[in-house]
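Visitor: Sharing coords_8.cif, mmCIF, C-alpha atoms:
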```
data_input
loop_
_atom_site.label_atom_id
_atom_site.label_comp_id
_atom_site.auth_asym_id
_atom_site.auth_seq_id
_atom_site.Cartn_x
_atom_site.Cartn_y
_atom_site.Cartn_z
CA MET X 1 183.69 269.81 6.08
CA ARG X 2 180.98 271.09 8.39
CA PRO X 3 177.47 270.81 6.84
CA VAL X 4 175.58 274.00 6.11
CA ARG X 5 173.46 275.17 9.03
CA GLY X 6 170.12 274.18 7.51
CA LEU X 7 171.30 270.63 6.90
CA ALA X 8 172.90 270.41 10.33
CA ILE X 9 169.63 271.46 11.96
CA SER X 10 167.64 268.99 9.84
CA LEU X 11 169.94 266.14 10.87
CA ALA X 12 169.81 267.18 14.53
CA LEU X 13 166.03 267.45 14.41
CA ALA X 14 165.79 264.01 12.85
CA ALA X 15 167.97 262.57 15.61
CA VAL X 16 165.89 264.15 18.36
CA LEU X 17 162.58 263.20 16.76
CA ALA X 18 163.80 259.63 16.44
CA GLY X 19 163.81 259.62 20.22
CA VAL X 20 160.39 261.26 20.40
CA THR X 21 158.70 258.54 18.37
CA ALA X 22 160.38 255.65 20.14
CA HIS X 23 157.91 255.62 23.04
CA ALA X 24 154.59 255.33 21.16
CA VAL X 25 152.21 252.68 22.44
CA ALA X 26 149.08 251.02 21.16
CA PRO X 27 145.79 252.88 21.64
CA SER X 28 144.13 252.40 24.99
CA GLU X 29 141.18 250.02 25.06
CA ARG X 30 139.74 251.45 28.25
CA PRO X 31 135.94 251.68 28.07
CA ALA X 32 134.58 255.21 28.32
CA GLU X 33 133.10 255.87 31.73
CA ASP X 34 131.66 258.82 33.56
CA GLY X 35 134.39 260.90 35.14
CA GLU X 36 137.06 259.99 32.60
CA TRP X 37 139.06 262.74 30.96
CA ASP X 38 139.32 263.49 27.26
CA PRO X 39 142.90 263.24 25.93
CA THR X 40 141.82 264.39 22.46
CA GLY X 41 140.26 267.54 23.87
CA ALA X 42 143.42 268.26 25.87
CA ALA X 43 145.56 267.69 22.79
CA SER X 44 143.43 270.13 20.80
CA TYR X 45 143.87 272.78 23.48
CA LEU X 46 147.63 272.35 23.84
CA ASP X 47 148.19 272.31 20.07
CA ALA X 48 146.05 275.40 19.54
CA ARG X 49 147.84 277.31 22.28
CA MET X 50 151.27 276.26 21.01
CA GLU X 51 150.27 277.36 17.53
CA ILE X 52 149.35 280.78 18.88
CA TRP X 53 152.67 281.09 20.71
CA LEU X 54 154.62 280.07 17.61
CA ALA X 55 152.79 282.77 15.69
CA GLU X 56 152.68 285.54 18.29
CA GLY X 57 155.49 284.90 20.78
CA THR X 58 158.28 287.45 20.94
CA PRO X 59 160.40 287.05 17.76
CA LEU X 60 164.15 286.76 18.24
CA ARG X 61 166.86 287.03 15.60
CA THR X 62 168.34 283.55 15.31
CA GLY X 63 170.84 282.69 12.60
CA SER X 64 169.51 284.00 9.31
CA GLY X 65 165.90 283.96 10.52
CA THR X 66 163.79 284.34 13.64
CA THR X 67 162.51 282.08 16.38
CA ASN X 68 160.10 282.58 19.26
CA CYS X 69 160.94 283.23 22.89
CA VAL X 70 161.04 280.03 24.94
CA SER X 71 158.45 280.43 27.69
CA CYS X 72 157.91 278.73 31.04
CA HIS X 73 154.14 279.07 30.78
CA THR X 74 153.49 277.60 27.31
CA THR X 75 156.58 276.21 25.56
CA LEU X 76 158.14 274.20 28.38
CA PRO X 77 154.93 272.52 29.60
CA TYR X 78 154.03 271.70 25.99
CA ALA X 79 157.42 270.06 25.47
CA LEU X 80 157.08 268.03 28.68
CA SER X 81 153.49 266.90 28.19
CA ARG X 82 152.79 266.54 24.47
CA PRO X 83 154.90 263.40 23.87
CA VAL X 84 153.28 261.81 26.93
CA LEU X 85 149.84 262.73 25.61
CA ARG X 86 150.66 261.11 22.27
CA GLN X 87 151.49 257.92 24.14
CA GLU X 88 148.14 258.14 25.89
CA MET X 89 146.39 258.50 22.52
CA GLY X 90 148.47 255.84 20.76
CA VAL X 91 149.79 258.39 18.25
CA GLU X 92 153.34 257.89 17.03
CA ALA X 93 154.12 260.90 14.84
CA PRO X 94 155.06 264.19 16.53
CA THR X 95 152.66 267.05 15.94
CA PRO X 96 153.60 269.89 13.56
CA GLN X 97 153.88 272.12 16.62
CA GLU X 98 156.33 269.72 18.28
CA ARG X 99 158.46 269.66 15.14
CA ARG X 100 158.50 273.44 14.84
CA LEU X 101 159.28 273.89 18.53
CA LEU X 102 162.18 271.44 18.38
CA ALA X 103 163.50 273.00 15.18
CA GLN X 104 163.50 276.41 16.85
CA VAL X 105 165.23 275.15 19.99
CA ILE X 106 167.87 273.42 17.88
CA GLU X 107 168.41 276.61 15.91
CA ARG X 108 168.88 278.53 19.16
CA VAL X 109 171.40 275.97 20.41
CA GLU X 110 173.26 276.08 17.09
CA THR X 111 173.57 279.88 17.23
CA TYR X 112 174.48 280.49 20.89
CA PRO X 113 177.46 282.77 20.14
CA ASP X 114 175.62 285.29 18.00
CA HIS X 115 171.84 285.08 18.30
CA GLU X 116 169.61 287.72 19.87
CA LEU X 117 169.07 287.10 23.58
CA LEU X 118 165.66 286.92 25.23
CA TYR X 119 166.21 290.41 26.65
CA GLU X 120 169.10 292.74 25.80
CA PHE X 121 168.12 296.13 27.27
CA SER X 122 170.65 295.86 30.12
CA GLU X 123 173.71 293.82 31.03
CA THR X 124 171.80 292.26 33.92
CA LYS X 125 169.04 291.06 31.61
CA LYS X 126 171.59 289.66 29.17
CA VAL X 127 173.11 287.54 31.94
CA GLU X 128 169.68 286.46 33.17
CA SER X 129 168.63 285.59 29.62
CA ARG X 130 171.65 283.36 29.02
CA GLY X 131 171.09 281.37 32.19
CA THR X 132 167.34 281.01 31.72
CA GLU X 133 167.54 279.87 28.13
CA ALA X 134 170.40 277.45 28.75
CA VAL X 135 168.26 275.60 31.29
CA LEU X 136 165.05 275.65 29.25
CA ASN X 137 166.69 274.56 25.99
CA ALA X 138 168.46 271.64 27.66
CA LEU X 139 165.30 270.43 29.39
CA ILE X 140 163.18 270.70 26.24
CA LEU X 141 165.68 268.72 24.16
CA ILE X 142 166.14 266.06 26.84
CA ALA X 143 162.36 265.71 27.19
CA ALA X 144 162.17 265.01 23.47
CA ALA X 145 165.13 262.66 23.10
CA ALA X 146 165.29 259.00 24.06
CA ASP X 147 169.08 259.32 24.00
CA ALA X 148 170.57 262.58 25.28
CA SER X 149 173.93 261.78 23.68
CA ASP X 150 172.93 263.23 20.29
CA GLU X 151 175.09 266.14 19.19
CA VAL X 152 172.61 268.96 19.63
CA THR X 153 171.57 267.87 23.13
CA GLN X 154 175.21 267.54 24.10
CA ARG X 155 175.80 271.08 22.88
CA ALA X 156 172.87 272.28 24.98
CA LEU X 157 174.30 270.49 28.01
CA ARG X 158 177.71 272.09 27.48
CA ARG X 159 176.00 275.46 27.42
CA LEU X 160 174.22 274.53 30.64
CA TRP X 161 177.51 273.92 32.42
CA GLU X 162 179.10 277.03 30.89
CA THR X 163 176.38 279.28 32.31
CA GLN X 164 176.21 277.72 35.78
CA ARG X 165 177.12 280.20 38.51
CA PRO X 166 179.84 279.56 41.11
CA ASP X 167 177.14 279.00 43.75
CA GLY X 168 175.67 276.13 41.70
CA ALA X 169 172.58 277.97 40.41
CA TRP X 170 171.74 279.71 37.13
CA ASP X 171 170.90 283.36 36.61
CA TRP X 172 167.18 283.72 35.93
CA LEU X 173 164.96 286.41 34.45
CA GLN X 174 163.38 288.61 37.09
CA PHE X 175 160.43 290.92 36.45
CA GLY X 176 158.67 290.60 39.81
CA LEU X 177 156.15 288.09 38.43
CA GLU X 178 155.23 284.85 40.19
CA PRO X 179 156.03 282.03 39.97
CA PHE X 180 158.65 282.14 37.18
CA GLU X 181 160.24 285.60 37.09
CA THR X 182 161.16 286.62 40.62
CA VAL X 183 164.19 286.47 42.88
CA GLU X 184 162.85 283.13 44.12
CA ALA X 185 162.75 281.84 40.54
CA VAL X 186 166.53 281.43 40.56
CA TYR X 187 165.88 278.50 42.87
CA HIS X 188 163.04 277.21 40.71
CA GLY X 189 165.23 277.43 37.60
CA SER X 190 167.82 275.32 39.37
CA THR X 191 165.23 272.61 40.00
CA LEU X 192 164.53 272.60 36.25
CA ALA X 193 168.26 272.20 35.61
CA ALA X 194 168.36 269.31 38.07
CA LEU X 195 165.42 267.70 36.28
CA ALA X 196 167.22 268.03 32.93
CA ILE X 197 170.52 266.67 34.26
CA GLY X 198 168.81 263.79 36.03
CA ARG X 199 166.83 262.81 32.95
CA ALA X 200 169.95 263.02 30.77
CA GLY X 201 171.70 260.51 33.03
CA ALA X 202 175.22 259.54 32.00
CA ALA X 203 174.98 261.75 28.92
CA ALA X 204 175.02 264.84 31.12
CA ALA X 205 178.35 263.86 32.66
CA SER X 206 179.93 263.25 29.26
CA THR X 207 179.69 266.88 28.21
CA GLN X 208 182.82 268.04 30.05
CA LEU X 209 185.09 267.13 32.93
CA GLN X 210 183.57 269.83 35.11
CA ALA X 211 180.14 268.15 34.98
CA ALA X 212 180.69 266.19 38.19
CA ALA X 213 181.64 269.36 40.06
CA GLY X 214 178.67 271.14 38.49
CA VAL X 215 176.24 268.51 39.72
CA GLU X 216 177.67 268.66 43.21
CA GLY X 217 177.44 272.45 43.17
CA LEU X 218 173.80 272.21 42.10
CA ARG X 219 173.02 269.69 44.84
CA ALA X 220 174.68 271.89 47.44
CA TYR X 221 172.78 274.97 46.25
CA LEU X 222 169.38 273.27 46.36
CA ARG X 223 170.01 271.65 49.74
CA ALA X 224 171.44 274.76 51.43
CA SER X 225 168.23 276.81 51.49
CA TYR X 226 165.64 274.08 50.97
CA ALA X 227 164.03 274.56 54.39
CA THR X 228 163.39 278.28 53.77
CA ARG X 229 161.77 277.92 50.34
CA ASN X 230 158.05 278.06 49.75
CA LEU X 231 156.06 274.88 49.25
CA TYR X 232 155.86 275.42 45.48
CA ASN X 233 159.65 275.42 45.06
CA ARG X 234 160.10 272.53 47.47
CA THR X 235 157.57 270.53 45.44
CA TRP X 236 159.74 271.07 42.37
CA VAL X 237 162.78 269.88 44.34
CA LEU X 238 160.90 266.69 45.12
CA LEU X 239 160.16 266.23 41.42
CA ALA X 240 163.81 266.82 40.52
CA SER X 241 164.89 264.39 43.24
CA THR X 242 163.06 261.59 41.44
CA GLN X 243 165.55 262.03 38.58
CA LEU X 244 168.72 263.26 40.33
CA GLU X 245 169.87 261.60 43.53
CA GLY X 246 171.17 263.46 46.54
CA LEU X 247 168.77 266.40 46.65
CA LEU X 248 166.58 265.33 49.57
CA THR X 249 166.89 262.92 52.44
CA THR X 250 164.21 260.29 53.00
CA VAL X 251 163.02 262.24 56.04
CA GLN X 252 162.69 265.42 53.97
CA GLN X 253 160.77 263.59 51.25
CA GLU X 254 158.34 262.07 53.74
CA ALA X 255 157.81 265.39 55.51
CA LEU X 256 157.15 267.19 52.22
CA ILE X 257 154.65 264.58 51.07
CA GLU X 258 152.84 264.94 54.38
CA GLU X 259 152.78 268.73 54.04
CA LEU X 260 151.36 268.47 50.52
CA GLN X 261 148.62 266.19 51.78
CA GLN X 262 147.75 268.71 54.48
CA ARG X 263 147.36 271.45 51.85
CA GLN X 264 144.87 269.41 49.85
CA GLN X 265 141.49 271.15 49.77
CA ASP X 266 138.14 269.66 50.69
CA ASP X 267 137.22 269.07 47.04
CA GLY X 268 140.37 266.99 46.46
CA GLY X 269 142.37 269.60 44.56
CA TRP X 270 145.16 272.01 45.42
CA SER X 271 145.38 275.77 44.99
CA LEU X 272 148.51 277.34 43.53
CA TRP X 273 147.94 280.32 45.82
CA SER X 274 148.26 278.04 48.86
CA LEU X 275 151.68 276.79 47.74
CA GLY X 276 153.24 280.24 48.43
CA GLU X 277 154.43 282.52 50.28
CA TRP X 278 154.47 284.70 47.17
CA ARG X 279 156.72 287.76 47.32
CA TRP X 280 156.96 289.16 43.77
CA SER X 281 160.66 289.88 44.46
CA GLY X 282 159.85 292.09 47.44
CA SER X 283 162.54 292.20 50.09
CA GLU X 284 160.26 292.67 53.11
CA ALA X 285 156.59 292.45 54.08
CA PRO X 286 153.96 293.41 53.20
CA PHE X 287 154.38 291.67 49.87
CA LYS X 288 152.01 292.77 47.12
CA SER X 289 151.31 291.68 43.57
CA PRO X 290 151.86 294.21 40.75
CA GLY X 291 148.14 294.17 39.96
CA GLU X 292 144.79 293.58 41.59
CA LEU X 293 143.86 289.95 42.23
CA ASP X 294 140.61 288.04 42.52
CA ASP X 295 141.05 286.35 45.90
CA THR X 296 138.00 284.17 45.40
CA LEU X 297 139.39 282.62 42.22
CA LEU X 298 142.84 282.10 43.69
CA ALA X 299 141.47 280.35 46.76
CA LYS X 300 139.85 277.63 44.64
CA SER X 301 141.53 274.41 43.59
CA ASP X 302 143.14 274.78 40.18
CA GLY X 303 144.54 272.59 37.44
CA TYR X 304 148.21 273.52 37.65
CA ALA X 305 148.61 273.06 41.39
CA THR X 306 146.57 269.84 41.38
CA GLY X 307 148.25 268.42 38.29
CA LEU X 308 151.71 269.33 39.59
CA VAL X 309 151.18 267.85 43.05
CA VAL X 310 149.59 264.63 41.79
CA HIS X 311 152.32 264.26 39.15
CA VAL X 312 155.04 264.78 41.75
CA LEU X 313 153.45 262.38 44.23
CA ARG X 314 153.19 259.71 41.54
CA GLU X 315 156.80 260.28 40.44
CA ALA X 316 157.84 260.02 44.09
CA GLY X 317 156.30 256.54 44.22
CA GLU X 318 152.89 257.18 45.77
CA PRO X 319 150.30 254.77 44.30
CA THR X 320 146.99 255.83 42.75
CA SER X 321 145.27 254.21 45.73
CA GLN X 322 146.95 256.60 48.15
CA PRO X 323 144.06 258.76 49.43
CA ALA X 324 145.51 262.16 48.47
CA VAL X 325 146.46 260.94 45.00
CA ASP X 326 143.11 259.25 44.48
CA ARG X 327 141.18 262.38 45.45
CA GLY X 328 143.44 264.56 43.32
CA LEU X 329 142.91 262.36 40.28
CA LYS X 330 139.14 262.47 40.80
CA TRP X 331 139.31 266.27 40.95
CA LEU X 332 141.29 266.39 37.70
CA ARG X 333 138.90 264.04 35.89
CA ALA X 334 135.96 266.17 36.97
CA SER X 335 137.53 269.55 36.17
CA GLN X 336 138.38 269.46 32.46
CA GLU X 337 136.28 272.15 30.81
CA ALA X 338 135.60 273.79 27.46
CA VAL X 339 137.80 276.84 26.85
CA LYS X 340 137.53 279.20 23.89
CA VAL X 341 140.76 279.48 21.88
CA ASN X 342 140.22 281.62 18.80
CA ASP X 343 137.40 279.91 16.92
CA GLN X 344 137.85 276.58 18.70
CA THR X 345 136.48 275.27 21.99
CA PRO X 346 138.89 272.56 23.15
CA LEU X 347 139.02 271.05 26.63
CA ALA X 348 141.47 272.27 29.26
CA TRP X 349 142.11 272.83 32.94
CA ARG X 350 142.20 276.35 34.35
CA THR X 351 144.61 278.19 36.63
CA HIS X 352 144.67 281.93 37.23
CA SER X 353 147.47 284.48 37.30
CA LEU X 354 149.18 285.24 40.60
CA ASN X 355 150.04 288.73 39.31
CA PHE X 356 146.93 290.23 37.72
CA ASP X 357 143.20 289.61 37.53
CA ARG X 358 143.00 288.49 33.91
CA GLU X 359 139.46 287.10 34.14
CA HIS X 360 137.42 290.29 34.07
CA GLY X 361 138.48 292.05 30.88
CA GLY X 362 140.70 295.08 30.50
CA GLU X 363 144.29 295.19 29.22
CA LYS X 364 145.42 292.39 31.53
CA GLY X 365 142.55 290.17 30.42
CA GLU X 366 143.71 289.94 26.81
CA ALA X 367 142.83 286.49 25.45
CA VAL X 368 146.33 285.13 24.78
CA ARG X 369 147.74 286.07 28.19
CA ARG X 370 144.59 285.13 30.07
CA LEU X 371 145.31 281.45 29.38
CA PHE X 372 149.05 281.37 30.09
CA MET X 373 148.59 279.63 33.46
CA SER X 374 145.96 277.33 31.96
CA ASP X 375 148.58 276.12 29.49
CA LEU X 376 150.55 274.94 32.52
CA ALA X 377 147.42 273.55 34.15
CA THR X 378 146.50 271.46 31.14
CA ALA X 379 150.02 270.15 30.61
CA PHE X 380 150.45 269.03 34.22
CA ALA X 381 146.95 267.59 34.41
CA VAL X 382 147.88 265.51 31.37
CA LEU X 383 151.11 264.35 33.04
CA ALA X 384 149.28 263.40 36.24
CA LEU X 385 146.42 261.58 34.50
CA SER X 386 148.45 259.84 31.80
CA GLU X 387 150.86 258.21 34.23
CA SER X 388 147.95 257.12 36.43
CA ASP X 389 145.76 255.51 33.75
#
```
Go ahead and render the structure in this file as structure tokens.
Guide:
Amino acid sequence: MRPVRGLAISLALAAVLAGVTAHAVAPSERPAEDGEWDPTGAASYLDARMEIWLAEGTPLRTGSGTTNCVSCHTTLPYALSRPVLRQEMGVEAPTPQERRLLAQVIERVETYPDHELLYEFSETKKVESRGTEAVLNALILIAAAADASDEVTQRALRRLWETQRPDGAWDWLQFGLEPFETVEAVYHGSTLAALAIGRAGAAAASTQLQAAAGVEGLRAYLRASYATRNLYNRTWVLLASTQLEGLLTTVQQEALIEELQQRQQDDGGWSLWSLGEWRWSGSEAPFKSPGELDDTLLAKSDGYATGLVVHVLREAGEPTSQPAVDRGLKWLRASQEAVKVNDQTPLAWRTHSLNFDREHGGEKGEAVRRLFMSDLATAFAVLALSESD
């Protein structure tokens, strides 16, 4: 007899969380020095922001209750970085926010046939929603599990293969917003799928016989237009290639690392703006954002671009002594700052929207949305710094 849904979800959550806690390490005994970063302050920021999203994110009918929309700007980076940050802090138990996030993702996976989609106002958005969520759910579960062969992760992987397009990619939500919801984001979403499949290892291939063909289709899709993609998307391909073989040649990897080093700014950081060309789904130049932008802010080094590039370079095998990595790490250690989140003032890294000027008040400067890109910045700064300590 199949267990009732609540029990099934509890058992699945327990299995996934067993993997989450398996990697805890003893607290660091590094002496505090000038220029070091504050993991506790970063944890406070990420937990506070995840708490806000769990409370205020778009509610979706899921089973007999509701869950929150899975987001690229807050949910995914939290899922990728928070277990790593716990390792850094020597904390074994998952946070309440991690548990709630995983429970919601499991509930979504358990109710694929009949839950409310991310967006349902058109057939196109329904298709885009299915592809986007299949990728995000799989990656979040795989990031949490030491063993991707547990039942719920396998179900998520089956859904991943079921929603893969004939060209090897996945349909992705498009609202003309960079860097996650544009025509170009179909390519970015496929790099996330590659990251999930690579991290799942043999467990990804066990989901169905078509998995091998699906992986080859994904490889072919990413390779076919790699040379024409912007530096941001190619950086994500490099990250995925550290987990899934056959995406880049050695020559391509070396050329991309060199290009990333050339984009490093004088202060040691990178600017997300400089990793474009950004097109906001436009089909021809001149390309323009949907809102006004603060060019001065966007030109500066920021936490997401710097954290992402340093994290990718480290994953690609570059040592901390490599000059670009060393300078990037110094920029990150010097750039953690106090950020107001409700009545708290935790420590975070900042990055600004590529779509609207959210820093100078007005409707687009609303507090929750103003920090969306800083959620990414803080998560990837944590990934870069934790693996380099």
Visitor: To verify the selection step, state as a list in words which residues the PyMOL selection byres ((chain X and resi 156-160) around 8) yields on this input.
Guide: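 Selected by the PyMOL selection byres ((chain X and resi 156-160) around 8) in this file: Val109, Gly131, Ala134, Val135, Asn137, Ala138, Val152, Thr153, Gln154, Arg155, Trp161, Glu162, Thr163, Gln164, Ala204, Thr207 and Gln208 of chain X.
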Visitor: Extract, using all atoms listed in the file, all DNA, RNA and protein residues at most 9 Å from Gly217 in chain X, discarding same-chain residues fewer than 6 positions from it, and format them as a PyMOL selection string.
Guide: chain X and resi 166-169
Visitor: Identify, on the basis of all atoms listed in the file, every residue whose closest approach to range 51-59 of chain X does not exceed 8 Å; exclude the query and any residue fewer than 2 positions from it along the same chain; express the result as a ChimeraX atom specification.
Guide: /X:47-49,61,66-69,74-75,97,101,368
Visitor: For a quick check of understanding, using all atoms listed in the file, which of X:Glu216, X:Asp267, X:Glu359, X:Asp294 has the smallest distance to Ala334 in chain X?
Guide: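 Smallest distance to Ala334 in chain X is found for X:Asp267.
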Visitor: Distance CA of Trp172 in chain X-CA of Glu128 in chain X, one decimal place?
Guide: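 Calculated distance between CA of Trp172 in chain X and CA of Glu128 in chain X is 4.6 Å.
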Visitor: Considering all atoms listed in the file, return as a PyMOL selection string whatever protein or nucleic-acid residues lie within 7 Å of range 252-262 of chain X, sequence-local ones (same chain, fewer than 2 positions apart) excluded.
Guide: chain X and resi 238+248-250+264+324
Visitor: Suppose you want the space between CA of Ala224 in chain X and CA of Gly189 in chain X; what is it in Å?
Guide: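 It comes out at 15.4 Å.
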Visitor: Would you mind telling me which residue in X:Glu36, X:Ala143, X:Phe175, X:Phe121 lies nearest to Tyr78 in chain X when using all atoms listed in the file?
Guide: X:Ala143
Visitor: Give me the residues near Arg199 in chain X as a ChimeraX atom specification, where near means some atom within 12 Å (using all atoms listed in the file) and where sequence neighbours in that chain fewer than 6 positions away do not count.
Guide: /X:80,138-149,157,192-193,205,239-245
Visitor: Let me make sure I understand: among X:Thr345, X:Thr191, X:Thr235, X:Thr320, which one has the smallest atom-to-atom distance to Leu222 in chain X if we use only C-alpha atoms?
Guide: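 Residue with the minimum atom-to-atom distance to Leu222 in chain X: X:Thr191.
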Visitor: For a quick check of understanding, using all atoms listed in the file, which of X:Val215, X:Ala43, X:Ala316, X:Val310 has the smallest distance to Thr378 in chain X?
Guide: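 Of X:Val215, X:Ala43, X:Ala316, X:Val310, the one nearest Thr378 in chain X, counting all atoms listed in the file, is X:Ala43.
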Visitor: Pick from X:Thr124, X:Gly303, X:Trp278, X:Val251: nearest to Val382 in chain X, with all atoms listed in the file counted?
Guide: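 Ranking X:Thr124, X:Gly303, X:Trp278, X:Val251 by distance to Val382 in chain X, first place goes to X:Gly303.
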Visitor: Determine the nearest neighbour of Val312 in chain X from the options X:Glu387, X:Glu98, X:Asp38, X:Asp375, counting only C-alpha atoms.
Guide: X:Glu387
Visitor: Quick one: residues within 9 Å of Thr306 in chain X, only C-alpha atoms counted, chain neighbours fewer than 6 positions away excluded, as an NGL selection string?
Guide: :X and (264 or 268-272 or 328-329 or 331-332 or 377 or 380-381 or 384)
Visitor: Could you check how far CA of Leu371 in chain X sits from CA of Met50 in chain X, in Å to one decimal?
Guide: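 Pair CA of Leu371 in chain X / CA of Met50 in chain X returns 11.5 Å.
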Visitor: Since I can't run it myself right now, could you work out what the PyMOL selection byres ((chain X and resi 179) around 12) selects here and report it as a VMD selection string?
Guide: chain X and resid 72 to 73 172 to 178 180 to 189 230 to 233 236 272 to 273 275 to 281 289 304 to 305 352 to 355 373 376
Visitor: Based on the selection just made, write C-alpha atoms of those residues as a PDB file, in the frame of the given file.
Guide:
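As written to disk, again.pdb reads:
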```pdb
ATOM      1  CA  CYS X  72     157.910 278.730  31.040  1.00  0.00           C
ATOM      2  CA  HIS X  73     154.140 279.070  30.780  1.00  0.00           C
ATOM      3  CA  TRP X 172     167.180 283.720  35.930  1.00  0.00           C
ATOM      4  CA  LEU X 173     164.960 286.410  34.450  1.00  0.00           C
ATOM      5  CA  GLN X 174     163.380 288.610  37.090  1.00  0.00           C
ATOM      6  CA  PHE X 175     160.430 290.920  36.450  1.00  0.00           C
ATOM      7  CA  GLY X 176     158.670 290.600  39.810  1.00  0.00           C
ATOM      8  CA  LEU X 177     156.150 288.090  38.430  1.00  0.00           C
ATOM      9  CA  GLU X 178     155.230 284.850  40.190  1.00  0.00           C
ATOM     10  CA  PHE X 180     158.650 282.140  37.180  1.00  0.00           C
ATOM     11  CA  GLU X 181     160.240 285.600  37.090  1.00  0.00           C
ATOM     12  CA  THR X 182     161.160 286.620  40.620  1.00  0.00           C
ATOM     13  CA  VAL X 183     164.190 286.470  42.880  1.00  0.00           C
ATOM     14  CA  GLU X 184     162.850 283.130  44.120  1.00  0.00           C
ATOM     15  CA  ALA X 185     162.750 281.840  40.540  1.00  0.00           C
ATOM     16  CA  VAL X 186     166.530 281.430  40.560  1.00  0.00           C
ATOM     17  CA  TYR X 187     165.880 278.500  42.870  1.00  0.00           C
ATOM     18  CA  HIS X 188     163.040 277.210  40.710  1.00  0.00           C
ATOM     19  CA  GLY X 189     165.230 277.430  37.600  1.00  0.00           C
ATOM     20  CA  ASN X 230     158.050 278.060  49.750  1.00  0.00           C
ATOM     21  CA  LEU X 231     156.060 274.880  49.250  1.00  0.00           C
ATOM     22  CA  TYR X 232     155.860 275.420  45.480  1.00  0.00           C
ATOM     23  CA  ASN X 233     159.650 275.420  45.060  1.00  0.00           C
ATOM     24  CA  TRP X 236     159.740 271.070  42.370  1.00  0.00           C
ATOM     25  CA  LEU X 272     148.510 277.340  43.530  1.00  0.00           C
ATOM     26  CA  TRP X 273     147.940 280.320  45.820  1.00  0.00           C
ATOM     27  CA  LEU X 275     151.680 276.790  47.740  1.00  0.00           C
ATOM     28  CA  GLY X 276     153.240 280.240  48.430  1.00  0.00           C
ATOM     29  CA  GLU X 277     154.430 282.520  50.280  1.00  0.00           C
ATOM     30  CA  TRP X 278     154.470 284.700  47.170  1.00  0.00           C
ATOM     31  CA  ARG X 279     156.720 287.760  47.320  1.00  0.00           C
ATOM     32  CA  TRP X 280     156.960 289.160  43.770  1.00  0.00           C
ATOM     33  CA  SER X 281     160.660 289.880  44.460  1.00  0.00           C
ATOM     34  CA  SER X 289     151.310 291.680  43.570  1.00  0.00           C
ATOM     35  CA  TYR X 304     148.210 273.520  37.650  1.00  0.00           C
ATOM     36  CA  ALA X 305     148.610 273.060  41.390  1.00  0.00           C
ATOM     37  CA  HIS X 352     144.670 281.930  37.230  1.00  0.00           C
ATOM     38  CA  SER X 353     147.470 284.480  37.300  1.00  0.00           C
ATOM     39  CA  LEU X 354     149.180 285.240  40.600  1.00  0.00           C
ATOM     40  CA  ASN X 355     150.040 288.730  39.310  1.00  0.00           C
ATOM     41  CA  MET X 373     148.590 279.630  33.460  1.00  0.00           C
ATOM     42  CA  LEU X 376     150.550 274.940  32.520  1.00  0.00           C
TER      43      LEU X 376
END
```
Visitor: If the PyMOL selection byres ((chain X and resi 337) around 6) is run on the structure shown, which residues does it catch, given as a ChimeraX atom specification?
Guide: /X:336,338,347-348
Visitor: Put those residues in a file: C-alpha atoms, as a PDB file, in the frame of the given file.
Guide:
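Once written, part_6.pdb looks like this:
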```pdb
ATOM      1  CA  GLN X 336     138.380 269.460  32.460  1.00  0.00           C
ATOM      2  CA  ALA X 338     135.600 273.790  27.460  1.00  0.00           C
ATOM      3  CA  LEU X 347     139.020 271.050  26.630  1.00  0.00           C
ATOM      4  CA  ALA X 348     141.470 272.270  29.260  1.00  0.00           C
TER       5      ALA X 348
END
```
